[in-house]
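Below is the file input13.cif, which contains mmCIF, C-alpha atoms.
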```
data_final
loop_
_atom_site.label_atom_id
_atom_site.label_comp_id
_atom_site.auth_asym_id
_atom_site.auth_seq_id
_atom_site.Cartn_x
_atom_site.Cartn_y
_atom_site.Cartn_z
CA MET A 1 0.00 0.00 0.00
CA LEU A 2 1.25 3.48 -0.81
CA THR A 3 1.84 5.33 2.48
CA ARG A 4 1.52 9.05 2.82
CA ARG A 5 5.29 9.32 3.32
CA GLN A 6 5.93 7.28 0.13
CA PHE A 7 3.47 9.37 -1.78
CA LEU A 8 5.11 12.64 -0.77
CA ALA A 9 8.54 11.29 -1.63
CA GLY A 10 7.38 10.04 -5.02
CA LEU A 11 5.91 13.36 -6.00
CA GLY A 12 9.21 15.18 -5.94
CA ALA A 13 9.28 15.22 -9.75
CA VAL A 14 5.69 16.28 -10.33
CA ALA A 15 3.56 19.31 -9.73
CA VAL A 16 1.19 18.79 -6.80
CA THR A 17 -1.45 21.26 -5.71
CA ALA A 18 -2.78 20.95 -2.17
CA VAL A 19 -5.28 23.76 -2.34
CA LEU A 20 -9.01 23.25 -1.83
CA PRO A 21 -11.32 24.63 -4.49
CA LEU A 22 -12.97 27.90 -3.51
CA SER A 23 -16.36 26.35 -4.17
CA LEU A 24 -15.90 23.91 -1.28
CA PHE A 25 -15.10 26.73 1.17
CA ARG A 26 -18.22 28.55 0.02
CA TYR A 27 -20.27 25.38 0.37
CA GLU A 28 -19.12 24.76 3.95
CA ALA A 29 -19.67 28.38 4.91
CA ARG A 30 -23.21 28.33 3.50
CA VAL A 31 -24.09 25.10 5.32
CA LYS A 32 -22.82 26.47 8.64
CA ALA A 33 -24.71 29.72 8.17
CA GLU A 34 -27.97 27.98 7.31
CA GLY A 35 -27.62 25.64 10.26
CA LYS A 36 -27.01 28.54 12.64
CA GLU A 37 -30.04 30.43 11.38
CA GLU A 38 -32.32 27.43 11.78
CA GLY A 39 -30.80 26.39 15.10
CA LYS A 40 -30.05 22.93 13.79
CA GLU A 41 -26.95 20.79 13.85
CA THR A 42 -25.36 20.55 10.38
CA LEU A 43 -23.85 17.47 8.80
CA ALA A 44 -20.21 17.51 7.71
CA PRO A 45 -19.46 16.80 4.04
CA GLN A 46 -18.93 13.12 3.24
CA TYR A 47 -15.36 12.60 2.05
CA PRO A 48 -14.20 9.48 0.20
CA ASP A 49 -11.64 7.33 1.98
CA CYS A 50 -8.49 8.08 0.01
CA ASP A 51 -4.79 8.91 0.08
CA TRP A 52 -4.83 11.35 -2.81
CA VAL A 53 -7.06 12.90 -5.47
CA ILE A 54 -6.58 14.01 -9.06
CA ASP A 55 -8.71 17.15 -9.36
CA ARG A 56 -9.99 19.44 -12.15
CA VAL A 57 -9.27 16.84 -14.81
CA VAL A 58 -11.11 15.68 -17.92
CA ILE A 59 -12.15 12.11 -17.21
CA ILE A 60 -12.39 9.58 -20.04
CA ASP A 61 -13.40 6.46 -18.14
CA GLY A 62 -12.67 3.83 -20.81
CA SER A 63 -16.29 2.90 -21.48
CA GLY A 64 -16.56 4.93 -24.67
CA GLU A 65 -19.00 7.35 -23.01
CA PRO A 66 -18.43 11.13 -23.36
CA ALA A 67 -15.67 12.81 -21.38
CA TYR A 68 -16.54 14.96 -18.37
CA GLN A 69 -14.82 17.18 -15.80
CA GLY A 70 -14.30 15.61 -12.41
CA ARG A 71 -12.11 14.05 -9.76
CA VAL A 72 -10.67 10.61 -9.05
CA ALA A 73 -9.72 9.45 -5.55
CA VAL A 74 -7.25 6.67 -4.79
CA LYS A 75 -6.40 4.71 -1.65
CA GLY A 76 -3.62 2.18 -1.80
CA GLU A 77 -3.99 0.17 -5.02
CA ARG A 78 -7.60 1.04 -5.74
CA ILE A 79 -9.86 3.79 -6.98
CA THR A 80 -12.29 4.85 -4.23
CA ALA A 81 -14.32 7.57 -5.94
CA VAL A 82 -14.87 9.00 -9.42
CA GLY A 83 -16.77 12.11 -10.46
CA ASP A 84 -18.02 14.91 -8.20
CA PHE A 85 -17.35 14.54 -4.49
CA ALA A 86 -16.25 16.70 -1.56
CA LEU A 87 -12.54 17.09 -0.84
CA SER A 88 -11.12 16.62 2.63
CA PRO A 89 -8.85 19.47 3.81
CA GLU A 90 -6.19 16.86 4.60
CA VAL A 91 -6.07 15.00 1.31
CA GLN A 92 -3.21 15.43 -1.14
CA ILE A 93 -4.36 16.89 -4.46
CA ILE A 94 -2.83 16.60 -7.93
CA ASP A 95 -4.04 19.34 -10.25
CA GLY A 96 -5.08 17.85 -13.59
CA GLN A 97 -6.34 21.05 -15.18
CA GLY A 98 -5.95 20.98 -18.97
CA LEU A 99 -5.15 17.26 -18.98
CA VAL A 100 -7.03 14.01 -19.59
CA LEU A 101 -7.20 11.13 -17.13
CA THR A 102 -7.86 7.60 -18.41
CA PRO A 103 -7.44 4.01 -17.25
CA GLY A 104 -3.99 2.58 -17.90
CA PHE A 105 -3.54 1.34 -21.46
CA ILE A 106 -3.57 -2.43 -22.02
CA ASP A 107 -1.40 -3.75 -24.85
CA ILE A 108 -2.62 -7.23 -25.65
CA HIS A 109 -0.01 -8.06 -28.31
CA THR A 110 3.70 -7.63 -27.59
CA HIS A 111 6.99 -9.50 -27.95
CA ALA A 112 8.91 -8.20 -24.94
CA GLU A 113 9.18 -11.38 -22.83
CA ASP A 114 12.98 -11.52 -22.81
CA TYR A 115 13.34 -7.81 -22.14
CA PHE A 116 10.80 -8.02 -19.31
CA TYR A 117 12.38 -11.14 -17.83
CA SER A 118 15.87 -9.62 -17.89
CA GLY A 119 14.70 -6.80 -15.64
CA GLY A 120 13.94 -4.19 -18.29
CA ASP A 121 12.31 -1.22 -16.57
CA MET A 122 9.59 -0.93 -19.28
CA SER A 123 10.17 2.82 -19.65
CA PRO A 124 9.41 2.72 -23.41
CA PHE A 125 5.93 1.41 -22.57
CA LEU A 126 5.28 3.35 -19.36
CA SER A 127 6.12 6.54 -21.23
CA GLN A 128 3.14 5.80 -23.50
CA GLY A 129 0.79 5.11 -20.59
CA VAL A 130 0.90 1.31 -20.93
CA THR A 131 0.24 -0.29 -17.54
CA ALA A 132 -0.47 -3.86 -18.71
CA GLN A 133 0.92 -6.09 -21.45
CA ILE A 134 0.42 -9.59 -22.79
CA GLY A 135 3.43 -11.45 -24.19
CA GLY A 136 3.89 -14.88 -25.71
CA ASN A 137 2.25 -13.94 -28.99
CA CYS A 138 2.53 -15.45 -32.46
CA GLY A 139 3.30 -18.92 -31.13
CA ARG A 140 6.46 -18.13 -29.13
CA SER A 141 6.41 -18.00 -25.33
CA PRO A 142 8.40 -19.11 -22.28
CA LYS A 143 8.07 -22.87 -21.73
CA ASP A 144 7.44 -22.61 -18.00
CA ILE A 145 4.77 -19.98 -17.28
CA GLN A 146 4.86 -20.47 -13.53
CA GLY A 147 8.66 -20.48 -13.43
CA TYR A 148 8.82 -17.32 -15.53
CA PHE A 149 6.82 -15.31 -13.02
CA ALA A 150 8.42 -16.97 -10.00
CA THR A 151 11.90 -15.88 -11.05
CA ILE A 152 11.24 -12.54 -12.73
CA PRO A 153 13.42 -9.88 -11.06
CA LYS A 154 10.84 -7.10 -11.01
CA MET A 155 7.53 -6.10 -12.55
CA ALA A 156 7.37 -2.54 -13.75
CA ILE A 157 3.89 -3.07 -15.24
CA ASN A 158 1.13 -5.66 -15.05
CA TYR A 159 2.07 -8.58 -17.26
CA GLY A 160 0.52 -11.76 -18.61
CA LEU A 161 1.48 -14.51 -21.03
CA LEU A 162 -0.07 -16.63 -23.74
CA MET A 163 1.27 -20.13 -24.33
CA GLY A 164 2.77 -20.48 -27.80
CA TYR A 165 2.13 -23.30 -30.26
CA ALA A 166 5.75 -23.30 -31.48
CA THR A 167 6.88 -23.56 -27.86
CA LEU A 168 4.63 -26.60 -27.32
CA ARG A 169 6.23 -28.23 -30.39
CA GLN A 170 9.69 -27.57 -28.94
CA MET A 171 8.69 -29.14 -25.64
CA VAL A 172 7.67 -32.31 -27.48
CA HIS A 173 10.44 -32.43 -30.10
CA GLY A 174 13.24 -30.83 -28.14
CA ARG A 175 13.79 -28.26 -30.90
CA ASP A 176 12.15 -26.65 -33.90
CA ARG A 177 11.84 -29.09 -36.77
CA SER A 178 9.85 -29.63 -39.93
CA GLY A 179 6.91 -31.98 -40.25
CA LYS A 180 3.50 -32.51 -38.78
CA THR A 181 3.07 -33.78 -35.24
CA THR A 182 1.82 -37.29 -34.57
CA THR A 183 -1.28 -38.11 -32.54
CA ALA A 184 0.90 -39.09 -29.58
CA GLU A 185 2.82 -35.80 -29.82
CA GLN A 186 -0.42 -33.85 -29.98
CA LEU A 187 -1.59 -35.51 -26.77
CA LYS A 188 1.66 -34.43 -25.09
CA MET A 189 1.15 -30.88 -26.35
CA GLN A 190 -2.35 -30.86 -24.88
CA LYS A 191 -0.91 -32.00 -21.56
CA TYR A 192 1.71 -29.23 -21.56
CA LEU A 193 -0.89 -26.67 -22.58
CA ARG A 194 -3.24 -27.77 -19.81
CA LYS A 195 -0.47 -27.20 -17.26
CA ALA A 196 0.40 -23.82 -18.77
CA MET A 197 -3.21 -22.71 -18.45
CA ALA A 198 -3.32 -23.92 -14.84
CA ASP A 199 -0.09 -21.97 -14.22
CA GLY A 200 -1.65 -18.73 -15.42
CA ALA A 201 -1.44 -18.53 -19.21
CA VAL A 202 -4.33 -16.46 -20.60
CA GLY A 203 -4.69 -18.50 -23.79
CA LEU A 204 -3.00 -20.14 -26.78
CA SER A 205 -1.11 -18.19 -29.43
CA VAL A 206 -0.16 -19.33 -32.91
CA GLY A 207 1.90 -17.90 -35.75
CA LEU A 208 0.66 -20.10 -38.56
CA GLU A 209 2.50 -18.06 -41.19
CA TYR A 210 5.89 -18.90 -39.66
CA TRP A 211 7.97 -22.07 -39.93
CA PRO A 212 7.55 -24.61 -38.34
CA GLN A 213 4.04 -23.57 -37.30
CA THR A 214 3.04 -23.83 -40.95
CA TYR A 215 2.83 -27.58 -40.37
CA ALA A 216 0.00 -27.21 -37.84
CA THR A 217 -3.30 -28.59 -39.10
CA THR A 218 -6.67 -27.04 -38.46
CA GLU A 219 -7.70 -30.20 -36.58
CA GLU A 220 -4.61 -29.99 -34.36
CA ILE A 221 -5.36 -26.37 -33.42
CA ILE A 222 -8.98 -27.27 -32.69
CA ALA A 223 -7.83 -29.99 -30.29
CA LEU A 224 -5.53 -27.55 -28.47
CA CYS A 225 -8.24 -24.91 -28.32
CA GLU A 226 -10.52 -27.39 -26.57
CA VAL A 227 -7.99 -27.40 -23.72
CA VAL A 228 -7.92 -23.59 -23.65
CA LYS A 229 -11.70 -23.40 -23.60
CA GLU A 230 -11.83 -25.67 -20.54
CA ALA A 231 -9.60 -23.17 -18.70
CA GLY A 232 -11.55 -20.10 -19.82
CA GLY A 233 -8.83 -18.71 -22.11
CA PHE A 234 -8.85 -17.43 -25.68
CA TYR A 235 -7.24 -18.25 -29.03
CA ALA A 236 -4.82 -15.58 -30.35
CA THR A 237 -4.00 -16.16 -33.99
CA HIS A 238 -1.45 -14.75 -36.35
CA ILE A 239 -3.35 -16.24 -39.26
CA ARG A 240 -1.90 -18.58 -41.89
CA SER A 241 -1.54 -15.81 -44.48
CA GLU A 242 -1.77 -12.02 -44.26
CA TYR A 243 -1.23 -11.66 -47.99
CA ASP A 244 -2.57 -13.48 -51.05
CA ARG A 245 -4.51 -16.15 -49.11
CA VAL A 246 -5.72 -13.84 -46.35
CA LEU A 247 -9.44 -14.50 -46.92
CA GLU A 248 -8.96 -18.25 -46.55
CA ALA A 249 -6.81 -17.70 -43.47
CA VAL A 250 -9.42 -15.54 -41.76
CA GLY A 251 -12.00 -18.17 -42.65
CA GLU A 252 -9.90 -20.81 -40.88
CA ALA A 253 -9.67 -18.68 -37.73
CA ILE A 254 -13.44 -18.23 -37.72
CA LEU A 255 -13.98 -21.95 -38.32
CA ILE A 256 -11.77 -22.87 -35.36
CA GLY A 257 -13.54 -20.40 -33.10
CA LYS A 258 -16.99 -21.65 -34.06
CA LYS A 259 -16.05 -25.34 -33.88
CA VAL A 260 -14.68 -25.00 -30.35
CA GLY A 261 -16.85 -22.14 -29.10
CA ILE A 262 -13.79 -20.22 -27.95
CA PRO A 263 -13.10 -16.46 -28.08
CA VAL A 264 -10.78 -15.56 -30.96
CA GLN A 265 -8.27 -12.73 -31.06
CA TYR A 266 -7.26 -12.01 -34.67
CA CYS A 267 -3.78 -10.52 -34.41
CA HIS A 268 -2.62 -7.40 -36.29
CA ILE A 269 -5.31 -7.37 -38.97
CA LYS A 270 -4.09 -6.44 -42.43
CA THR A 271 -4.19 -7.40 -46.10
CA GLY A 272 -0.58 -7.13 -47.14
CA TYR A 273 0.52 -5.13 -50.19
CA LYS A 274 -1.43 -3.27 -52.82
CA ARG A 275 -2.63 -6.34 -54.68
CA ASN A 276 -4.57 -7.35 -51.55
CA TRP A 277 -5.73 -3.98 -50.17
CA ALA A 278 -9.21 -4.31 -51.68
CA LYS A 279 -9.80 -7.41 -49.52
CA LEU A 280 -9.97 -5.58 -46.18
CA PRO A 281 -13.66 -4.59 -46.41
CA LYS A 282 -14.49 -8.24 -47.08
CA ILE A 283 -12.54 -9.32 -44.00
CA LEU A 284 -14.39 -6.81 -41.83
CA GLU A 285 -17.63 -8.15 -43.27
CA MET A 286 -16.54 -11.70 -42.39
CA LEU A 287 -15.90 -10.61 -38.79
CA GLU A 288 -19.30 -8.94 -38.58
CA GLU A 289 -21.05 -12.06 -39.87
CA ALA A 290 -19.12 -14.24 -37.42
CA VAL A 291 -20.16 -12.05 -34.49
CA GLU A 292 -23.78 -12.09 -35.66
CA SER A 293 -23.61 -15.89 -35.66
CA GLY A 294 -22.48 -15.87 -32.02
CA LEU A 295 -18.66 -15.99 -32.22
CA ASP A 296 -16.69 -13.74 -29.90
CA ILE A 297 -14.00 -12.50 -32.29
CA ARG A 298 -12.06 -9.23 -32.31
CA ALA A 299 -9.02 -8.00 -34.22
CA ASP A 300 -6.15 -5.85 -33.00
CA LEU A 301 -3.96 -3.48 -35.01
CA TYR A 302 -1.11 -1.01 -34.61
CA GLY A 303 -0.99 2.58 -35.83
CA TYR A 304 1.57 2.19 -38.63
CA THR A 305 1.31 1.28 -42.31
CA TYR A 306 4.41 -0.91 -42.20
CA SER A 307 5.43 -4.00 -40.27
CA SER A 308 8.82 -5.11 -38.95
CA THR A 309 9.00 -7.47 -41.94
CA ASP A 310 8.61 -4.50 -44.28
CA LEU A 311 11.56 -2.79 -42.61
CA GLY A 312 13.84 -5.66 -43.56
CA LYS A 313 13.12 -5.39 -47.27
CA LYS A 314 14.79 -3.27 -49.93
CA PRO A 315 13.38 -1.25 -51.46
CA PHE A 316 11.13 -0.41 -48.53
CA ILE A 317 7.41 -0.62 -49.28
CA SER A 318 4.59 -0.23 -46.75
CA SER A 319 2.42 -3.34 -46.80
CA ILE A 320 -0.64 -1.52 -45.39
CA SER A 321 -2.44 1.37 -47.04
CA GLU A 322 -3.30 4.48 -45.06
CA GLU A 323 -6.92 4.06 -46.07
CA ASN A 324 -7.03 0.49 -44.76
CA LEU A 325 -5.34 1.49 -41.52
CA GLU A 326 -7.98 4.13 -40.91
CA LEU A 327 -10.82 1.82 -41.93
CA ALA A 328 -9.67 -0.90 -39.54
CA ALA A 329 -8.96 1.54 -36.69
CA ALA A 330 -12.48 2.94 -36.80
CA HIS A 331 -14.26 -0.41 -37.01
CA PRO A 332 -16.21 -1.47 -33.89
CA LEU A 333 -14.74 -5.01 -33.92
CA THR A 334 -11.14 -3.85 -33.59
CA PHE A 335 -8.98 -2.48 -30.82
CA PHE A 336 -5.30 -1.59 -30.54
CA GLY A 337 -2.21 -3.72 -29.88
CA SER A 338 1.35 -2.70 -30.71
CA ASP A 339 2.98 -5.98 -31.86
CA ALA A 340 6.05 -4.37 -30.28
CA GLY A 341 9.34 -6.22 -30.02
CA MET A 342 11.78 -5.10 -27.35
CA TYR A 343 15.31 -6.34 -26.80
CA ALA A 344 18.11 -6.00 -24.27
CA GLY A 345 18.85 -2.45 -23.27
CA GLY A 346 15.54 -1.17 -24.61
CA ARG A 347 16.46 -1.58 -28.28
CA ALA A 348 13.59 -1.75 -30.76
CA THR A 349 13.54 -2.45 -34.48
CA HIS A 350 10.16 -0.78 -35.13
CA PRO A 351 9.01 2.60 -33.75
CA ARG A 352 5.71 1.09 -32.56
CA ALA A 353 7.55 -0.19 -29.47
CA TYR A 354 8.09 3.41 -28.32
CA GLY A 355 5.18 5.17 -29.97
CA ASN A 356 2.13 3.09 -30.89
CA ILE A 357 -0.38 4.67 -28.52
CA PRO A 358 0.82 8.29 -28.86
CA ARG A 359 0.78 7.85 -32.64
CA ILE A 360 -2.83 6.71 -32.60
CA LEU A 361 -3.95 9.47 -30.22
CA GLY A 362 -1.89 12.15 -31.94
CA ARG A 363 -2.35 11.29 -35.59
CA LEU A 364 -5.52 9.21 -36.01
CA VAL A 365 -7.51 10.98 -33.30
CA ARG A 366 -6.27 14.58 -33.00
CA GLU A 367 -5.01 15.26 -36.53
CA LYS A 368 -7.16 13.07 -38.77
CA LYS A 369 -10.21 12.69 -36.52
CA ILE A 370 -10.69 9.10 -37.70
CA LEU A 371 -12.30 8.27 -34.35
CA SER A 372 -13.16 10.15 -31.18
CA LEU A 373 -10.82 10.31 -28.22
CA GLU A 374 -13.37 8.44 -26.10
CA THR A 375 -13.64 5.61 -28.65
CA ALA A 376 -9.88 5.35 -29.04
CA ILE A 377 -9.40 5.15 -25.27
CA ALA A 378 -12.00 2.37 -25.03
CA LYS A 379 -10.02 0.47 -27.68
CA MET A 380 -6.93 0.75 -25.45
CA THR A 381 -8.55 -0.03 -22.10
CA SER A 382 -11.93 -1.67 -21.55
CA GLN A 383 -12.00 -3.62 -24.80
CA PRO A 384 -8.68 -5.46 -24.31
CA ALA A 385 -9.61 -5.86 -20.63
CA ARG A 386 -12.79 -7.61 -21.70
CA ARG A 387 -10.83 -9.97 -23.96
CA LEU A 388 -8.62 -10.85 -20.98
CA GLY A 389 -11.61 -11.34 -18.69
CA LEU A 390 -10.39 -8.64 -16.30
CA THR A 391 -13.08 -7.33 -13.97
CA ASN A 392 -10.92 -4.83 -12.10
CA ARG A 393 -8.99 -3.05 -14.85
CA GLY A 394 -9.78 -1.09 -18.00
CA LEU A 395 -12.27 1.38 -16.52
CA LEU A 396 -12.22 4.28 -14.07
CA ARG A 397 -14.61 2.80 -11.52
CA LYS A 398 -14.78 2.62 -7.75
CA GLY A 399 -13.04 -0.55 -6.60
CA TYR A 400 -10.93 -0.94 -9.74
CA GLN A 401 -7.14 -1.08 -9.65
CA ALA A 402 -5.61 2.39 -9.84
CA ASP A 403 -3.87 2.01 -13.20
CA LEU A 404 -4.06 5.60 -14.41
CA VAL A 405 -2.69 7.78 -17.20
CA LEU A 406 -2.61 11.58 -17.14
CA PHE A 407 -1.77 13.08 -20.53
CA ASP A 408 -2.03 16.20 -22.64
CA PRO A 409 -4.36 15.53 -25.60
CA GLU A 410 -2.94 18.52 -27.48
CA THR A 411 0.69 17.39 -27.42
CA ILE A 412 0.73 13.60 -27.22
CA ILE A 413 2.64 12.26 -30.22
CA ASP A 414 5.16 9.60 -31.28
CA LYS A 415 8.73 10.65 -32.12
CA GLY A 416 10.40 7.45 -33.35
CA THR A 417 11.04 6.82 -37.04
CA LYS A 418 11.96 3.87 -39.26
CA GLU A 419 15.57 5.04 -39.17
CA ASN A 420 15.61 5.81 -35.44
CA PRO A 421 12.86 3.79 -33.74
CA SER A 422 14.01 3.85 -30.11
CA VAL A 423 12.87 7.41 -29.30
CA PHE A 424 10.51 8.23 -26.44
CA SER A 425 7.13 9.72 -27.26
CA GLU A 426 5.79 12.95 -25.77
CA GLY A 427 2.63 14.06 -24.01
CA VAL A 428 2.15 11.52 -21.21
CA ARG A 429 2.64 13.39 -17.94
CA GLN A 430 2.12 10.80 -15.21
CA VAL A 431 1.38 7.07 -15.00
CA TRP A 432 0.28 5.07 -11.96
CA VAL A 433 0.50 1.28 -11.78
CA ASN A 434 -1.68 -0.20 -9.02
CA GLY A 435 -1.78 3.15 -7.26
CA THR A 436 1.97 3.75 -7.35
CA LEU A 437 3.39 6.62 -9.36
CA ALA A 438 5.63 4.84 -11.87
CA TRP A 439 6.33 7.49 -14.52
CA ALA A 440 6.27 11.29 -14.29
CA GLU A 441 7.47 14.13 -16.49
CA GLY A 442 9.81 11.93 -18.54
CA ARG A 443 11.30 9.95 -15.66
CA LEU A 444 10.87 6.45 -14.26
CA LEU A 445 9.95 6.63 -10.57
CA ASN A 446 9.07 3.03 -9.77
CA ASP A 447 9.93 -0.14 -11.66
CA ASN A 448 8.30 -2.77 -9.45
CA SER A 449 4.61 -1.98 -8.93
CA GLY A 450 3.17 -4.40 -11.49
CA GLN A 451 1.16 -7.57 -10.92
CA VAL A 452 0.64 -10.82 -12.84
CA VAL A 453 -2.26 -10.81 -15.28
CA ASN A 454 -3.92 -14.23 -15.44
#
```
Whole structure given in structure tokens:
Amino acid sequence: MLTRRQFLAGLGAVAVTAVLPLSLFRYEARVKAEGKEEGKETLAPQYPDCDWVIDRVVIIDGSGEPAYQGRVAVKGERITAVGDFALSPEVQIIDGQGLVLTPGFIDIHTHAEDYFYSGGDMSPFLSQGVTAQIGGNCGRSPKDIQGYFATIPKMAINYGLLMGYATLRQMVHGRDRSGKTTTAEQLKMQKYLRKAMADGAVGLSVGLEYWPQTYATTEEIIALCEVVKEAGGFYATHIRSEYDRVLEAVGEAILIGKKVGIPVQYCHIKTGYKRNWAKLPKILEMLEEAVESGLDIRADLYGYTYSSTDLGKKPFISSISEENLELAAAHPLTFFGSDAGMYAGGRATHPRAYGNIPRILGRLVREKKILSLETAIAKMTSQPARRLGLTNRGLLRKGYQADLVLFDPETIIDKGTKENPSVFSEGVRQVWVNGTLAWAEGRLLNDNSGQVVN
């Protein structure tokens, strides 16, 4: 729990205002005067139980509902009040005037497991307002989920893992190798997956476009997904083709989801290169039809028109059109995930690792007005939280974990480029992880306030 002494020490780098609003003084004076005139005993204002309050801030609560001016109170790890409430004369106040307060951003698709495990302080992500991440995507994950979290040196943010299909193959074969798995090997993979889910994995990930995962059969994935369904997880799929056979690949993902009755997360939606750009509307239509038929399927995307694969090709060509990026970003069945890779020392190969969220808020929301700020925030908070089955994160609600982001909507922007990707973004003022101030005014203040997401 954050003590008052810890709070005061942690706020050395931020501006804190401990002044009561004039309106509250006037309110108390009026109540006392009225009570004296009527000869009655007056009731004291009811204050929320809290350690500190963010005041005079624009609240975007993550639900997609319109923003409003208000206050948020926090005690320990949790939010204790949101909206309009009286302020105690003794409470510490952070002035949020001119800024926006939202739930912490949840990035459901990253590749930062090794960086996180090595003790990386997660500054590139905290600086964007990311307070929770899911690793183990595209079929690659740690083999021992329980052991990973038991031996991790520190947790700068909330973190969870998927179990990877390629990893399951390695556990059976001892290494990556070509060829389909046998029935006996598939049974072993199911056993390992069942343990991974019991140890806290949030679901199964595949990267069916990558060797040796290309050998996986639809029937094999269905059998593994049955195990995941039993544990209440979801199926995260980098589909079998993002290019010429993308329609068939999306169809396979939908088929698997329907056959098993399992939630499906369609990773980094795109139709790669100009010859396939006209297929995106059809894919969105396929998702809509699948949802209408009862399947829980959503797609995630990042805010760039090029992938890390594109960066490795010469001449460089963006595989995603600007029009398709905007179309997918605005669609109600999508939300945002960075697909960020992070390596030792905070090195990134793609600027999305340092700038995905600020790019979306700065360019797609503020500059292009592709979607409203409230809708974009929902796609970064409550919607990924719903996919993960989290009932205490993703919204600004009483009783929820105090994962909070305070940012300037007029200045938030990404700064990294293809040539120089590892550059911090701008505009995020302060970030709290489970009630602890972790990032403020461009500096890391706490690198161990995260919790396991499972």
- [ ] Measuring atom to atom with only C-alpha atoms, identify which of A:Leu390, A:Gly261, A:Asn434, A:Thr417 is nearest to A:Val405.
- [x]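 Comparing A:Leu390, A:Gly261, A:Asn434, A:Thr417 against A:Val405, the winner is A:Asn434.
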Translate the PyMOL selection byres ((chain A and resi 298) around 8) into a concrete residue list for this structure, as a PDB file with C-alpha atoms, keeping the file's coordinate frame.
```pdb
ATOM      1  CA  VAL A 264     -10.780 -15.560 -30.960  1.00  0.00           C
ATOM      2  CA  GLN A 265      -8.270 -12.730 -31.060  1.00  0.00           C
ATOM      3  CA  TYR A 266      -7.260 -12.010 -34.670  1.00  0.00           C
ATOM      4  CA  LEU A 287     -15.900 -10.610 -38.790  1.00  0.00           C
ATOM      5  CA  ASP A 296     -16.690 -13.740 -29.900  1.00  0.00           C
ATOM      6  CA  ILE A 297     -14.000 -12.500 -32.290  1.00  0.00           C
ATOM      7  CA  ALA A 299      -9.020  -8.000 -34.220  1.00  0.00           C
ATOM      8  CA  ASP A 300      -6.150  -5.850 -33.000  1.00  0.00           C
ATOM      9  CA  LEU A 333     -14.740  -5.010 -33.920  1.00  0.00           C
ATOM     10  CA  THR A 334     -11.140  -3.850 -33.590  1.00  0.00           C
ATOM     11  CA  PHE A 335      -8.980  -2.480 -30.820  1.00  0.00           C
TER      12      PHE A 335
END
```
Task: Computed interatomic separation between atom CA of A:Leu361 and atom CA of A:Gln69 (Å) - done: 19.6 Å
Task: Surrounding residues of A:Met342 excluding itself and chain neighbours under 5 positions, 9 Å, all atoms listed in the file, as a PyMOL selection string - done: chain A and resi 110-116+347-349+353
Task: Counting only C-alpha atoms, the option among A:Arg56, A:Lys75, A:Lys195, A:Arg140 closest to A:Ala402 - done: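 Among the listed residues, A:Lys75 lies closest to A:Ala402.
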- [ ] Kindly indicate which residue among A:Phe336, A:Tyr47, A:Tyr306, A:Phe234 lies nearest to A:Gly272, using only C-alpha atoms for the distances.
- [x]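 Among the listed residues, the smallest separation from A:Gly272 belongs to A:Tyr306.
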- [ ] Figure out the distance between atom CA of A:Ala150 and atom CA of A:Gly450, please, to one decimal in Å.
- [x]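 Computing it gives 13.7 Å between the two atoms.
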Task: Selection result for the PyMOL selection byres ((chain A and resi 454) around 10) on this file, as a ChimeraX atom specification - done: /A:134,158-162,197-203,233,388-390,451-453
- [ ] Tell me which residues the PyMOL selection byres ((chain A and resi 67) around 9) grabs here, as a list in words.
- [x]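 Taken over the shown coordinates, the PyMOL selection byres ((chain A and resi 67) around 9) returns Val58, Ile59, Ile60, Asp61, Gly64, Glu65, Pro66, Tyr68, Gln69, Val100, Leu373 and Glu374 of chain A.
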- [ ] Just give me the gap between atom CA of A:Ala330 and atom CA of A:Glu289 in Å, one decimal is fine.
- [x]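 So the answer is 17.5 Å.
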TODO: Have a look at A:Tyr354, A:Tyr192, A:Phe149, A:Tyr304 and name the one nearest to A:Gln170; count all atoms listed in the file.
DONE: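 Nearest to A:Gln170: A:Tyr192.
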TODO: Between A:Val82, A:Ala236, A:Val91, A:Ile222, single out the one closest to A:Pro103, counting all atoms listed in the file.
DONE: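 Smallest distance to A:Pro103 is found for A:Val82.
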Task: Test item: residues at most 6 Å from A:Gly70, all atoms listed in the file, excluding those fewer than 2 positions along its chain, as a ChimeraX atom specification - done: /A:56-57,83-84
Task: Which residue of A:Ile377, A:Gly435, A:Tyr215, A:Ser319 approaches A:Lys274 most closely, using only C-alpha atoms - done: A:Ser319
Open item on the list: Show me, as a PyMOL selection string, the residues that have an atom within 12 Å of A:Ala156 when counting all atoms listed in the file, minus same-chain residues fewer than 2 positions from it.
Closed with: chain A and resi 115-127+130-133+152-154+158-159+431-434+436-439+444-452
